[in-house]
>>> print(open('final_4.txt').read())   # compact mmCIF, C-alpha atoms and all ligand atoms
# COMPACT_ATOMS: atom_id res chain seq x y z
CA MET V 26 -48.68 169.87 169.20
CA ASN V 27 -50.01 166.93 171.24
CA LYS V 28 -52.38 168.19 173.94
CA THR V 29 -50.41 166.67 176.79
CA GLU V 30 -46.90 167.03 175.40
CA VAL V 31 -44.26 168.45 177.77
CA GLU V 32 -40.50 168.81 177.41
CA THR V 33 -39.26 165.96 179.56
CA GLN V 34 -35.71 167.17 180.22
CA SER V 35 -36.75 170.67 181.29
CA SER V 36 -39.61 169.22 183.37
CA LEU V 37 -37.11 167.05 185.21
CA ASN V 38 -34.58 169.89 185.59
CA ARG V 39 -37.32 172.02 187.11
CA PHE V 40 -37.97 169.34 189.73
CA ILE V 41 -34.28 168.95 190.53
CA ALA V 42 -33.72 172.70 190.87
CA LEU V 43 -36.65 173.11 193.26
CA THR V 44 -35.83 170.02 195.32
CA ALA V 45 -32.25 171.11 196.00
CA ILE V 46 -33.50 174.20 197.88
CA PRO V 47 -33.90 173.78 201.64
CA GLY V 48 -37.42 174.76 202.72
CA SER V 49 -38.84 173.18 205.84
CA SER V 50 -42.21 174.40 207.12
CA GLY V 51 -42.04 178.13 207.85
CA ASN V 52 -38.84 178.51 205.81
CA GLU V 53 -40.23 178.40 202.28
CA SER V 54 -39.06 181.84 201.10
CA ASP V 55 -36.10 180.56 199.01
CA VAL V 56 -38.32 177.99 197.32
CA ALA V 57 -40.95 180.65 196.64
CA ALA V 58 -38.27 182.99 195.24
CA GLU V 59 -37.08 180.30 192.82
CA ILE V 60 -40.68 179.62 191.73
CA VAL V 61 -41.17 183.36 191.13
CA ASN V 62 -37.92 183.48 189.07
CA GLN V 63 -39.06 180.57 186.94
CA LEU V 64 -42.53 182.07 186.46
CA ILE V 65 -41.07 185.38 185.34
CA ALA V 66 -38.62 183.61 183.02
CA ALA V 67 -41.61 181.80 181.52
CA GLY V 68 -43.27 185.13 180.80
CA VAL V 69 -45.64 185.63 183.74
CA ASP V 70 -45.90 189.34 184.56
CA SER V 71 -44.87 190.18 188.15
CA SER V 72 -48.27 191.88 188.65
CA GLN V 73 -49.84 188.40 188.36
CA ILE V 74 -47.77 187.03 191.26
CA GLU V 75 -48.72 187.85 194.84
CA TYR V 76 -47.93 186.70 198.37
CA ASP V 77 -50.97 186.48 200.64
CA GLY V 78 -49.26 187.18 203.98
CA ALA V 79 -50.35 183.82 205.47
CA GLY V 80 -46.93 183.43 207.14
CA GLU V 81 -48.00 186.16 209.59
CA ARG V 82 -51.21 184.31 210.52
CA THR V 83 -49.95 180.76 210.97
CA ARG V 84 -49.41 179.22 214.42
CA ARG V 85 -45.65 179.52 213.93
CA LYS V 86 -44.55 182.62 212.06
CA GLY V 87 -43.23 181.80 208.61
CA ASN V 88 -40.66 183.65 206.47
CA CYS V 89 -43.16 184.01 203.61
CA GLY V 90 -46.83 183.60 202.74
CA ASN V 91 -48.64 181.50 200.18
CA LEU V 92 -47.86 182.40 196.58
CA VAL V 93 -50.92 183.15 194.43
CA VAL V 94 -50.46 183.34 190.66
CA THR V 95 -53.26 184.37 188.31
CA LEU V 96 -53.36 183.54 184.61
CA PRO V 97 -56.18 185.63 183.14
CA GLY V 98 -56.24 183.78 179.81
CA SER V 99 -59.16 184.66 177.56
CA GLY V 100 -61.11 185.95 180.56
CA SER V 101 -64.00 183.55 180.04
CA GLY V 102 -64.80 179.88 180.59
CA PRO V 103 -64.37 177.81 183.75
CA ARG V 104 -61.64 179.00 186.13
CA THR V 105 -59.19 176.27 187.19
CA LEU V 106 -57.07 176.17 190.35
CA LEU V 107 -53.86 174.15 190.62
CA SER V 108 -52.25 173.84 194.05
CA ALA V 109 -49.19 172.26 195.70
CA HIS V 110 -47.27 172.88 198.91
CA MET V 111 -43.73 174.30 199.02
CA ASP V 112 -42.52 173.01 202.41
CA THR V 113 -40.91 169.65 203.12
CA VAL V 114 -40.50 167.69 206.35
CA PRO V 115 -37.17 168.49 208.13
CA ILE V 116 -35.48 165.22 207.04
CA CYS V 117 -35.36 166.57 203.47
CA VAL V 118 -33.33 169.70 204.27
CA GLY V 119 -29.95 169.36 202.51
CA SER V 120 -31.28 167.04 199.80
CA GLN V 121 -29.01 166.60 196.77
CA PRO V 122 -31.28 165.22 194.06
CA VAL V 123 -29.67 162.90 191.49
CA ILE V 124 -31.21 160.81 188.73
CA ASP V 125 -30.77 157.09 189.36
CA GLY V 126 -32.29 154.98 186.58
CA ASP V 127 -36.03 155.56 186.49
CA CYS V 128 -36.14 157.54 189.71
CA VAL V 129 -34.61 160.53 191.48
CA ARG V 130 -33.14 160.16 194.97
CA SER V 131 -30.96 162.24 197.29
CA ALA V 132 -27.20 161.57 196.95
CA VAL V 133 -26.79 162.24 200.68
CA ASP V 134 -28.50 160.77 203.72
CA THR V 135 -31.63 162.95 203.61
CA GLY V 136 -35.15 162.57 202.33
CA LEU V 137 -35.52 163.72 198.72
CA GLY V 138 -38.32 166.27 199.16
CA ALA V 139 -40.45 165.02 196.27
CA ASP V 140 -43.26 165.66 198.78
CA ASP V 141 -44.22 168.15 197.54
CA ARG V 142 -41.70 169.77 195.19
CA SER V 143 -42.89 167.30 192.54
CA GLY V 144 -46.32 168.96 192.80
CA CYS V 145 -44.77 172.45 192.56
CA ALA V 146 -42.59 171.45 189.58
CA ALA V 147 -45.47 169.74 187.74
CA ILE V 148 -47.55 172.91 188.09
CA LEU V 149 -44.63 175.12 187.02
CA THR V 150 -44.22 172.91 183.97
CA ALA V 151 -47.91 173.35 183.18
CA VAL V 152 -47.58 177.15 183.42
CA VAL V 153 -44.51 177.15 181.15
CA GLU V 154 -46.29 174.96 178.59
CA ARG V 155 -49.41 177.14 178.70
CA LEU V 156 -47.48 180.37 178.21
CA LYS V 157 -45.56 178.85 175.29
CA ARG V 158 -48.90 178.22 173.60
CA GLY V 159 -50.26 181.70 174.46
CA ASP V 160 -52.09 182.42 177.74
CA GLU V 161 -54.90 184.31 175.96
CA LYS V 162 -56.03 181.12 174.19
CA PHE V 163 -57.10 179.42 177.39
CA PRO V 164 -59.77 179.83 180.08
CA PRO V 165 -58.57 181.61 183.26
CA ALA V 166 -56.48 179.77 185.83
CA VAL V 167 -55.08 180.45 189.28
CA ILE V 168 -52.20 178.72 191.04
CA THR V 169 -51.52 178.48 194.78
CA PHE V 170 -48.12 177.42 196.09
CA LEU V 171 -48.87 176.86 199.76
CA ILE V 172 -46.70 177.04 202.89
CA GLN V 173 -46.62 174.89 206.06
CA GLU V 174 -48.59 171.85 204.91
CA GLU V 175 -46.46 169.45 206.95
CA VAL V 176 -47.21 171.12 210.28
CA GLY V 177 -51.00 170.80 210.17
CA LEU V 178 -52.08 172.34 206.83
CA GLU V 179 -51.42 175.83 208.17
CA GLY V 180 -50.85 177.54 204.81
CA ALA V 181 -54.11 176.23 203.36
CA ARG V 182 -55.92 177.09 206.57
CA HIS V 183 -54.77 180.72 206.44
CA LEU V 184 -55.04 181.16 202.65
CA ASP V 185 -56.35 184.60 201.65
CA VAL V 186 -59.25 183.31 199.57
CA ALA V 187 -60.08 186.79 198.26
CA LYS V 188 -56.75 186.78 196.40
CA VAL V 189 -57.62 183.41 194.84
CA GLY V 190 -61.10 184.43 193.70
CA SER V 191 -63.84 182.08 192.59
CA VAL V 192 -62.86 178.70 191.20
CA ASP V 193 -64.91 176.21 189.17
CA ARG V 194 -62.61 173.21 189.46
CA ALA V 195 -59.51 172.60 191.51
CA PHE V 196 -56.62 170.14 191.62
CA ASN V 197 -54.10 169.65 194.40
CA PHE V 198 -50.90 167.90 193.28
CA ASP V 199 -49.48 165.90 196.19
CA GLY V 200 -48.94 162.14 196.45
CA GLY V 201 -47.68 159.04 194.70
CA THR V 202 -49.30 157.31 191.78
CA VAL V 203 -51.13 159.56 189.31
CA GLU V 204 -54.09 157.21 188.85
CA LYS V 205 -55.22 157.80 192.42
CA LEU V 206 -57.69 160.65 192.77
CA THR V 207 -58.29 161.57 196.39
CA THR V 208 -61.78 163.00 196.52
CA GLY V 209 -62.33 163.23 200.25
CA ALA V 210 -60.44 163.01 203.51
CA ILE V 211 -60.91 162.39 207.17
CA GLY V 212 -61.29 165.13 209.78
CA GLY V 213 -59.01 165.34 212.78
CA GLU V 214 -59.01 166.97 216.18
CA ARG V 215 -56.07 167.49 218.53
CA ILE V 216 -56.65 167.40 222.28
CA LYS V 217 -54.62 168.74 225.20
CA ILE V 218 -55.43 167.64 228.72
CA ARG V 219 -53.91 169.00 231.93
CA LEU V 220 -54.70 167.25 235.20
CA HIS V 221 -54.25 169.01 238.54
CA GLY V 222 -54.01 166.90 241.70
CA VAL V 223 -52.78 167.47 245.22
CA PRO V 224 -49.09 167.01 246.05
CA ALA V 225 -47.99 165.16 249.18
CA HIS V 226 -44.98 163.21 250.49
CA ALA V 227 -45.43 159.69 249.19
CA GLY V 228 -43.86 158.08 252.30
CA VAL V 229 -44.82 160.40 255.15
CA ALA V 230 -48.44 161.31 254.22
CA PRO V 231 -49.62 159.78 250.94
CA GLU V 232 -53.25 160.14 252.08
CA LYS V 233 -52.87 163.94 251.80
CA GLY V 234 -52.29 163.67 248.06
CA ALA V 235 -54.40 163.15 244.94
CA SER V 236 -52.30 161.67 242.15
CA THR V 237 -52.70 162.86 238.59
CA ILE V 238 -51.02 159.66 237.40
CA VAL V 239 -53.80 157.64 239.02
CA MET V 240 -56.38 159.92 237.38
CA ALA V 241 -54.80 159.51 233.95
CA ALA V 242 -54.47 155.75 234.40
CA ARG V 243 -58.14 155.40 235.38
CA ALA V 244 -59.37 157.58 232.52
CA ILE V 245 -57.29 155.77 229.91
CA ALA V 246 -58.24 152.33 231.26
CA GLU V 247 -61.92 153.28 231.16
CA LEU V 248 -61.68 154.59 227.58
CA ASP V 249 -59.86 151.44 226.53
CA ALA V 250 -62.35 149.10 228.23
CA ASN V 251 -65.30 150.89 226.65
CA GLY V 252 -63.92 150.87 223.11
CA TRP V 253 -63.13 154.59 222.82
CA LEU V 254 -59.41 154.15 222.14
CA GLY V 255 -57.68 152.96 218.97
CA LYS V 256 -60.20 151.81 216.36
CA VAL V 257 -63.55 153.09 217.54
CA GLU V 258 -66.81 151.63 216.26
CA LYS V 259 -70.17 152.64 217.73
CA ASP V 260 -73.53 151.79 216.09
CA GLY V 261 -71.95 151.30 212.67
CA ARG V 262 -70.01 154.55 212.83
CA PHE V 263 -66.23 154.63 212.78
CA GLY V 264 -63.32 156.68 213.98
CA THR V 265 -59.95 156.41 215.66
CA SER V 266 -58.42 157.91 218.76
CA ASN V 267 -55.14 157.82 220.60
CA VAL V 268 -53.58 159.15 223.78
CA GLY V 269 -50.09 159.71 222.41
CA VAL V 270 -48.30 161.77 225.07
CA LEU V 271 -48.28 161.56 228.85
CA GLN V 272 -45.86 163.68 230.85
CA ALA V 273 -46.04 163.66 234.62
CA GLY V 274 -43.89 163.64 237.73
CA ASP V 275 -40.19 163.75 238.44
CA ALA V 276 -39.73 161.94 241.76
CA THR V 277 -40.94 158.67 243.30
CA ASN V 278 -41.48 160.25 246.72
CA VAL V 279 -44.06 162.80 245.56
CA ILE V 280 -47.75 162.18 244.89
CA THR V 281 -47.75 163.68 241.39
CA PRO V 282 -49.70 166.96 241.31
CA LEU V 283 -49.61 167.66 237.57
CA ALA V 284 -49.93 165.68 234.33
CA ASP V 285 -50.04 166.83 230.72
CA LEU V 286 -51.50 164.60 228.04
CA ALA V 287 -52.01 164.95 224.31
CA ALA V 288 -54.54 162.93 222.35
CA GLU V 289 -56.29 162.93 219.00
CA ALA V 290 -59.56 161.80 217.42
CA ARG V 291 -60.35 161.25 213.74
CA SER V 292 -63.43 160.32 211.75
CA HIS V 293 -64.95 160.85 208.32
CA ASP V 294 -68.12 161.66 210.26
CA PRO V 295 -67.77 164.98 212.15
CA GLU V 296 -70.48 164.02 214.68
CA MET V 297 -68.69 160.77 215.46
CA ARG V 298 -65.41 162.63 215.93
CA THR V 299 -67.12 165.05 218.34
CA GLU V 300 -68.56 162.07 220.23
CA ILE V 301 -65.12 160.52 220.62
CA VAL V 302 -63.76 163.81 221.94
CA SER V 303 -66.56 164.11 224.47
CA ALA V 304 -66.05 160.50 225.61
CA ILE V 305 -62.39 161.33 226.24
CA ARG V 306 -63.33 164.49 228.08
CA SER V 307 -65.91 162.74 230.31
CA ALA V 308 -63.50 159.93 231.18
CA PHE V 309 -60.87 162.40 232.38
CA GLU V 310 -63.41 164.54 234.26
CA ARG V 311 -64.83 161.48 235.98
CA ALA V 312 -61.41 160.13 236.90
CA ALA V 313 -60.28 163.49 238.27
CA SER V 314 -63.41 163.88 240.39
CA GLU V 315 -63.04 160.38 241.83
CA VAL V 316 -59.42 160.61 242.91
CA LYS V 317 -59.43 162.51 246.22
CA ASN V 318 -57.22 163.06 249.21
CA ASP V 319 -58.25 162.36 252.81
CA GLU V 320 -60.02 165.72 253.04
CA GLY V 321 -62.13 165.00 249.98
CA VAL V 322 -60.19 167.35 247.67
CA ALA V 323 -60.41 165.94 244.15
CA GLY V 324 -58.44 166.60 241.00
CA THR V 325 -59.43 169.00 238.22
CA VAL V 326 -59.09 168.95 234.46
CA GLU V 327 -58.20 171.56 231.86
CA PHE V 328 -59.38 170.26 228.49
CA GLU V 329 -58.71 171.86 225.15
CA SER V 330 -59.65 170.52 221.72
CA HIS V 331 -58.76 172.05 218.37
CA VAL V 332 -60.05 170.96 214.95
CA ASP V 333 -56.98 170.39 212.77
CA TYR V 334 -58.98 169.79 209.63
CA GLU V 335 -62.63 169.13 208.86
CA SER V 336 -63.57 166.04 206.86
CA PHE V 337 -64.95 166.39 203.34
CA CYS V 338 -66.16 164.19 200.51
CA LEU V 339 -66.86 165.49 197.00
CA PRO V 340 -69.92 164.19 195.16
CA SER V 341 -68.80 161.68 192.49
CA ASP V 342 -70.18 163.83 189.65
CA HIS V 343 -68.28 166.97 190.75
CA PRO V 344 -66.62 168.77 187.78
CA SER V 345 -63.22 168.54 189.52
CA ILE V 346 -63.50 164.73 189.63
CA GLU V 347 -64.76 164.47 186.05
CA LYS V 348 -61.94 166.67 184.75
CA ALA V 349 -59.28 164.88 186.79
CA SER V 350 -60.49 161.49 185.54
CA GLU V 351 -60.43 162.72 181.95
CA ALA V 352 -56.90 164.10 182.44
CA VAL V 353 -55.61 160.78 183.83
CA ARG V 354 -57.14 158.94 180.87
CA MET V 355 -55.43 161.41 178.51
CA VAL V 356 -52.06 160.02 179.63
CA GLY V 357 -53.27 156.46 179.09
CA ARG V 358 -54.01 155.48 182.67
CA GLU V 359 -57.17 154.38 184.45
CA PRO V 360 -58.15 156.61 187.39
CA PHE V 361 -59.57 155.35 190.68
CA GLN V 362 -61.00 157.33 193.57
CA GLU V 363 -60.03 157.13 197.20
CA ILE V 364 -60.95 158.80 200.50
CA SER V 365 -57.86 159.58 202.59
CA ASN V 366 -57.36 158.74 206.26
CA GLY V 367 -54.97 161.66 206.64
CA GLY V 368 -55.52 165.42 206.32
CA LEU V 369 -54.74 167.24 203.06
CA ASP V 370 -54.52 170.87 201.97
CA ALA V 371 -57.75 169.99 200.15
CA ASN V 372 -59.52 169.71 203.55
CA TRP V 373 -58.96 173.43 204.15
CA LEU V 374 -59.54 174.41 200.54
CA PHE V 375 -62.94 172.73 200.88
CA LEU V 376 -63.78 174.83 203.94
CA HIS V 377 -62.81 177.89 201.87
CA GLY V 378 -65.35 176.87 199.22
CA ILE V 379 -62.85 175.24 196.82
CA SER V 380 -63.60 171.59 195.94
CA ALA V 381 -60.23 170.12 195.01
CA VAL V 382 -59.28 166.64 193.86
CA THR V 383 -55.80 165.57 194.98
CA ILE V 384 -53.68 163.94 192.26
CA GLY V 385 -50.40 162.03 192.75
CA CYS V 386 -47.14 163.24 191.23
CA GLY V 387 -44.61 160.44 191.64
CA GLN V 388 -43.66 160.56 195.33
CA ARG V 389 -42.46 157.31 196.95
CA ASN V 390 -41.58 156.54 200.61
CA ILE V 391 -42.30 160.09 201.74
CA HIS V 392 -41.04 161.41 205.10
CA THR V 393 -38.11 158.93 205.10
CA ALA V 394 -34.47 158.94 203.98
CA ASP V 395 -35.51 156.39 201.31
CA GLU V 396 -37.79 158.85 199.56
CA THR V 397 -37.62 158.81 195.75
CA LEU V 398 -39.40 160.34 192.77
CA ASP V 399 -40.79 157.96 190.16
CA ILE V 400 -39.88 159.81 186.96
CA ALA V 401 -42.60 158.25 184.79
CA ASP V 402 -45.29 159.21 187.30
CA TYR V 403 -43.89 162.70 187.69
CA LEU V 404 -43.82 163.33 183.94
CA ASP V 405 -47.41 162.11 183.65
CA ALA V 406 -48.35 164.53 186.46
CA CYS V 407 -46.69 167.31 184.40
CA ARG V 408 -48.80 166.27 181.38
CA ILE V 409 -51.98 166.10 183.47
CA ALA V 410 -51.38 169.53 185.03
CA THR V 411 -50.64 170.96 181.57
CA TRP V 412 -53.81 169.52 180.09
CA LEU V 413 -55.92 170.79 183.02
CA ILE V 414 -54.95 174.40 182.30
CA THR V 415 -54.76 174.20 178.50
CA ASP V 416 -57.93 172.29 177.75
CA GLY V 417 -60.77 174.34 176.26
CA ALA V 418 -58.55 176.60 174.13
CA ASN V 419 -60.24 179.09 171.79
CA GLN V 420 -58.47 178.33 168.61
ZN ZN P 501 -45.76 165.23 203.46
>>> encode(input="final_4.txt", output="structure tokens")
Amino acid sequence: MNKTEVETQSSLNRFIALTAIPGSSGNESDVAAEIVNQLIAAGVDSSQIEYDGAGERTRRKGNCGNLVVTLPGSGSGPRTLLSAHMDTVPICVGSQPVIDGDCVRSAVDTGLGADDRSGCAAILTAVVERLKRGDEKFPPAVITFLIQEEVGLEGARHLDVAKVGSVDRAFNFDGGTVEKLTTGAIGGERIKIRLHGVPAHAGVAPEKGASTIVMAARAIAELDANGWLGKVEKDGRFGTSNVGVLQAGDATNVITPLADLAAEARSHDPEMRTEIVSAIRSAFERAASEVKNDEGVAGTVEFESHVDYESFCLPSDHPSIEKASEAVRMVGREPFQEISNGGLDANWLFLHGISAVTIGCGQRNIHTADETLDIADYLDACRIATWLITDGANQ
């Protein structure tokens, strides 16, 4: 048997079956149940399949946890992790996947949900292929099907790492073209700002008030003028920031006493990201302290910042990168490496001590109603996943 051979029709059917199941973030239990059914049908013993309870620990309570599947194999040799996320963005709920030429799309006006059911289905295919050849022939492997990726990588964040165990090389299947190996990603921080001012009648006694809208305007203008908003570059270091939400006031005749803002900062350099956050904080504190009423009462700031995901970058000779490159070449393609400007499950896996390369699996136009699956890419992802957990057989 060819080392990367997979049954194409059943690989495709597996994708279609998984993609037709609604499973937005926090509602993955039906998807997980179908994955469990397919694993058991393939010959995985139910004692090898476990939920880790992460749905109880996430910011929003989920209806199931991450699914952790262990394949003991021969019990020796490097231990490989394959991972994908089970949730989709809400636009994909109700998807009716149909094959259309060389791609799969939804027959109704929804997103397809290839992000990331194509990753789940590629991994399932790999497990089926491995079991067909005899689990005991291969080095140990572990699979994680993660929840709540689309709402801030919550499943990966709350993964019960003890259930996963130690891992020598790891591969996260999520993305488009299979040649692209994502070996690092940016870190991001989410900021909430609440400004308190002093209310007053805007016509009768405006001097008695301290406006939070004025405070916000001053702070934002200062950040913008000093290069701390949008693309940020300071002394050869880079990042981005944005004030994306501003909610304040409900009447023209009131000096606005309250404003809520939301902002973010990103950088591949954690120190730079922290610097951007502190620049934002100082600008708002300064603006609040400078806007006063006629009695000298100034505004105040509540400032809260929360690291969504920490940046990471694998060394180019890491075994996960070497193996992933070899796997991509096995299917006749030439791999290239990239660092992502968005967060990935791999960011949290890295913080848990698991160095994962992210590999594409045929997704196109994700998060839109035009989403499709490129069948050729998906089938190559199935072959790559299969090879990654069947290489090194003792036979
Ligand atoms: Zn996505």
>>> residues_near_ligand(input="final_4.txt", ligand="ligand ZN 501 (chain P)", cutoff="12 Å", atoms="all atoms listed in the file", output="NGL selection string")
:V and (49-50 or 109-117 or 136-144 or 172-178 or 198-201 or 367-370 or 388-393 or 396)
>>> residues_around(input="final_4.txt", residues="Ile414 of chain V", least_positions_apart="5", cutoff="12 Å", atoms="only C-alpha atoms", output="PyMOL selection string")
chain V and resi 28-29+95-98+102-107+147-156+158-168+194-196+348-349+352+407-409
>>> write_last_selection(input="final_4.txt", atoms="C-alpha atoms", output="tab-separated table (two decimals), keeping the file's coordinate frame")
chain	number	residue	atom	x	y	z
V	28	LYS	CA	-52.38	168.19	173.94
V	29	THR	CA	-50.41	166.67	176.79
V	95	THR	CA	-53.26	184.37	188.31
V	96	LEU	CA	-53.36	183.54	184.61
V	97	PRO	CA	-56.18	185.63	183.14
V	98	GLY	CA	-56.24	183.78	179.81
V	102	GLY	CA	-64.80	179.88	180.59
V	103	PRO	CA	-64.37	177.81	183.75
V	104	ARG	CA	-61.64	179.00	186.13
V	105	THR	CA	-59.19	176.27	187.19
V	106	LEU	CA	-57.07	176.17	190.35
V	107	LEU	CA	-53.86	174.15	190.62
V	147	ALA	CA	-45.47	169.74	187.74
V	148	ILE	CA	-47.55	172.91	188.09
V	149	LEU	CA	-44.63	175.12	187.02
V	150	THR	CA	-44.22	172.91	183.97
V	151	ALA	CA	-47.91	173.35	183.18
V	152	VAL	CA	-47.58	177.15	183.42
V	153	VAL	CA	-44.51	177.15	181.15
V	154	GLU	CA	-46.29	174.96	178.59
V	155	ARG	CA	-49.41	177.14	178.70
V	156	LEU	CA	-47.48	180.37	178.21
V	158	ARG	CA	-48.90	178.22	173.60
V	159	GLY	CA	-50.26	181.70	174.46
V	160	ASP	CA	-52.09	182.42	177.74
V	161	GLU	CA	-54.90	184.31	175.96
V	162	LYS	CA	-56.03	181.12	174.19
V	163	PHE	CA	-57.10	179.42	177.39
V	164	PRO	CA	-59.77	179.83	180.08
V	165	PRO	CA	-58.57	181.61	183.26
V	166	ALA	CA	-56.48	179.77	185.83
V	167	VAL	CA	-55.08	180.45	189.28
V	168	ILE	CA	-52.20	178.72	191.04
V	194	ARG	CA	-62.61	173.21	189.46
V	195	ALA	CA	-59.51	172.60	191.51
V	196	PHE	CA	-56.62	170.14	191.62
V	348	LYS	CA	-61.94	166.67	184.75
V	349	ALA	CA	-59.28	164.88	186.79
V	352	ALA	CA	-56.90	164.10	182.44
V	407	CYS	CA	-46.69	167.31	184.40
V	408	ARG	CA	-48.80	166.27	181.38
V	409	ILE	CA	-51.98	166.10	183.47
>>> atom_distance(input="final_4.txt", atom1="atom CA of Arg262 of chain V", atom2="atom CA of Glu296 of chain V")
9.7 Å
>>> atom_distance(input="final_4.txt", atom1="atom CA of Val192 of chain V", atom2="atom CA of Ala371 of chain V")
13.5 Å
>>> residues_near_point(input="final_4.txt", point="(-47.4, 163.1, 234.6)", cutoff="7 Å", atoms="all atoms listed in the file", output="list of chain:residue names")
V:Thr237, V:Ile238, V:Leu271, V:Gln272, V:Ala273, V:Gly274, V:Thr281, V:Leu283, V:Ala284, V:Asp285
>>> residues_around(input="final_4.txt", residues="Ala58 of chain V", least_positions_apart="5", cutoff="10 Å", atoms="all atoms listed in the file", output="ChimeraX atom specification")
/V:53,63-64,89,92
>>> atom_distance(input="final_4.txt", atom1="atom CA of Ala288 of chain V", atom2="atom CA of His221 of chain V")
17.3 Å
>>> residues_near_point(input="final_4.txt", point="(-51.3, 181.5, 208.2)", cutoff="10 Å", atoms="only C-alpha atoms", output="ChimeraX atom specification")
/V:51,77-87,89-91,171-173,178-185
>>> decode(input="final_4.txt", residues="segment 293-308 of chain V", atoms="N, CA and C atoms", output="mmCIF file, in the first residue's frame")
data_model
loop_
_atom_site.group_PDB
_atom_site.id
_atom_site.type_symbol
_atom_site.label_atom_id
_atom_site.label_comp_id
_atom_site.auth_asym_id
_atom_site.auth_seq_id
_atom_site.Cartn_x
_atom_site.Cartn_y
_atom_site.Cartn_z
ATOM 1 N N HIS V 293 4.123 40.612 17.304
ATOM 2 C CA HIS V 293 4.872 39.361 17.425
ATOM 3 C C HIS V 293 5.837 39.445 18.594
ATOM 4 N N ASP V 294 6.050 40.687 19.075
ATOM 5 C CA ASP V 294 6.988 40.938 20.163
ATOM 6 C C ASP V 294 6.163 41.288 21.410
ATOM 7 N N PRO V 295 6.144 40.389 22.412
ATOM 8 C CA PRO V 295 5.285 40.607 23.582
ATOM 9 C C PRO V 295 5.580 41.928 24.303
ATOM 10 N N GLU V 296 6.865 42.326 24.341
ATOM 11 C CA GLU V 296 7.210 43.589 25.013
ATOM 12 C C GLU V 296 6.603 44.776 24.283
ATOM 13 N N MET V 297 6.655 44.707 22.949
ATOM 14 C CA MET V 297 6.092 45.782 22.135
ATOM 15 C C MET V 297 4.583 45.872 22.366
ATOM 16 N N ARG V 298 3.932 44.707 22.419
ATOM 17 C CA ARG V 298 2.486 44.695 22.634
ATOM 18 C C ARG V 298 2.158 45.334 23.988
ATOM 19 N N THR V 299 2.948 44.998 25.013
ATOM 20 C CA THR V 299 2.737 45.571 26.347
ATOM 21 C C THR V 299 2.938 47.082 26.310
ATOM 22 N N GLU V 300 3.909 47.525 25.513
ATOM 23 C CA GLU V 300 4.175 48.963 25.398
ATOM 24 C C GLU V 300 2.994 49.691 24.741
ATOM 25 N N ILE V 301 2.425 49.058 23.735
ATOM 26 C CA ILE V 301 1.260 49.673 23.074
ATOM 27 C C ILE V 301 0.110 49.786 24.071
ATOM 28 N N VAL V 302 -0.102 48.727 24.840
ATOM 29 C CA VAL V 302 -1.190 48.748 25.831
ATOM 30 C C VAL V 302 -0.940 49.852 26.857
ATOM 31 N N SER V 303 0.311 50.010 27.293
ATOM 32 C CA SER V 303 0.528 51.049 28.306
ATOM 33 C C SER V 303 0.427 52.444 27.714
ATOM 34 N N ALA V 304 0.750 52.592 26.418
ATOM 35 C CA ALA V 304 0.559 53.910 25.775
ATOM 36 C C ALA V 304 -0.932 54.249 25.743
ATOM 37 N N ILE V 305 -1.753 53.238 25.451
ATOM 38 C CA ILE V 305 -3.205 53.469 25.397
ATOM 39 C C ILE V 305 -3.708 53.838 26.796
ATOM 40 N N ARG V 306 -3.244 53.096 27.761
ATOM 41 C CA ARG V 306 -3.665 53.360 29.145
ATOM 42 C C ARG V 306 -3.283 54.788 29.579
ATOM 43 N N SER V 307 -2.024 55.174 29.331
ATOM 44 C CA SER V 307 -1.570 56.515 29.753
ATOM 45 C C SER V 307 -2.382 57.594 29.061
ATOM 46 N N ALA V 308 -2.671 57.404 27.771
ATOM 47 C CA ALA V 308 -3.400 58.449 27.041
ATOM 48 C C ALA V 308 -4.785 58.663 27.661
#
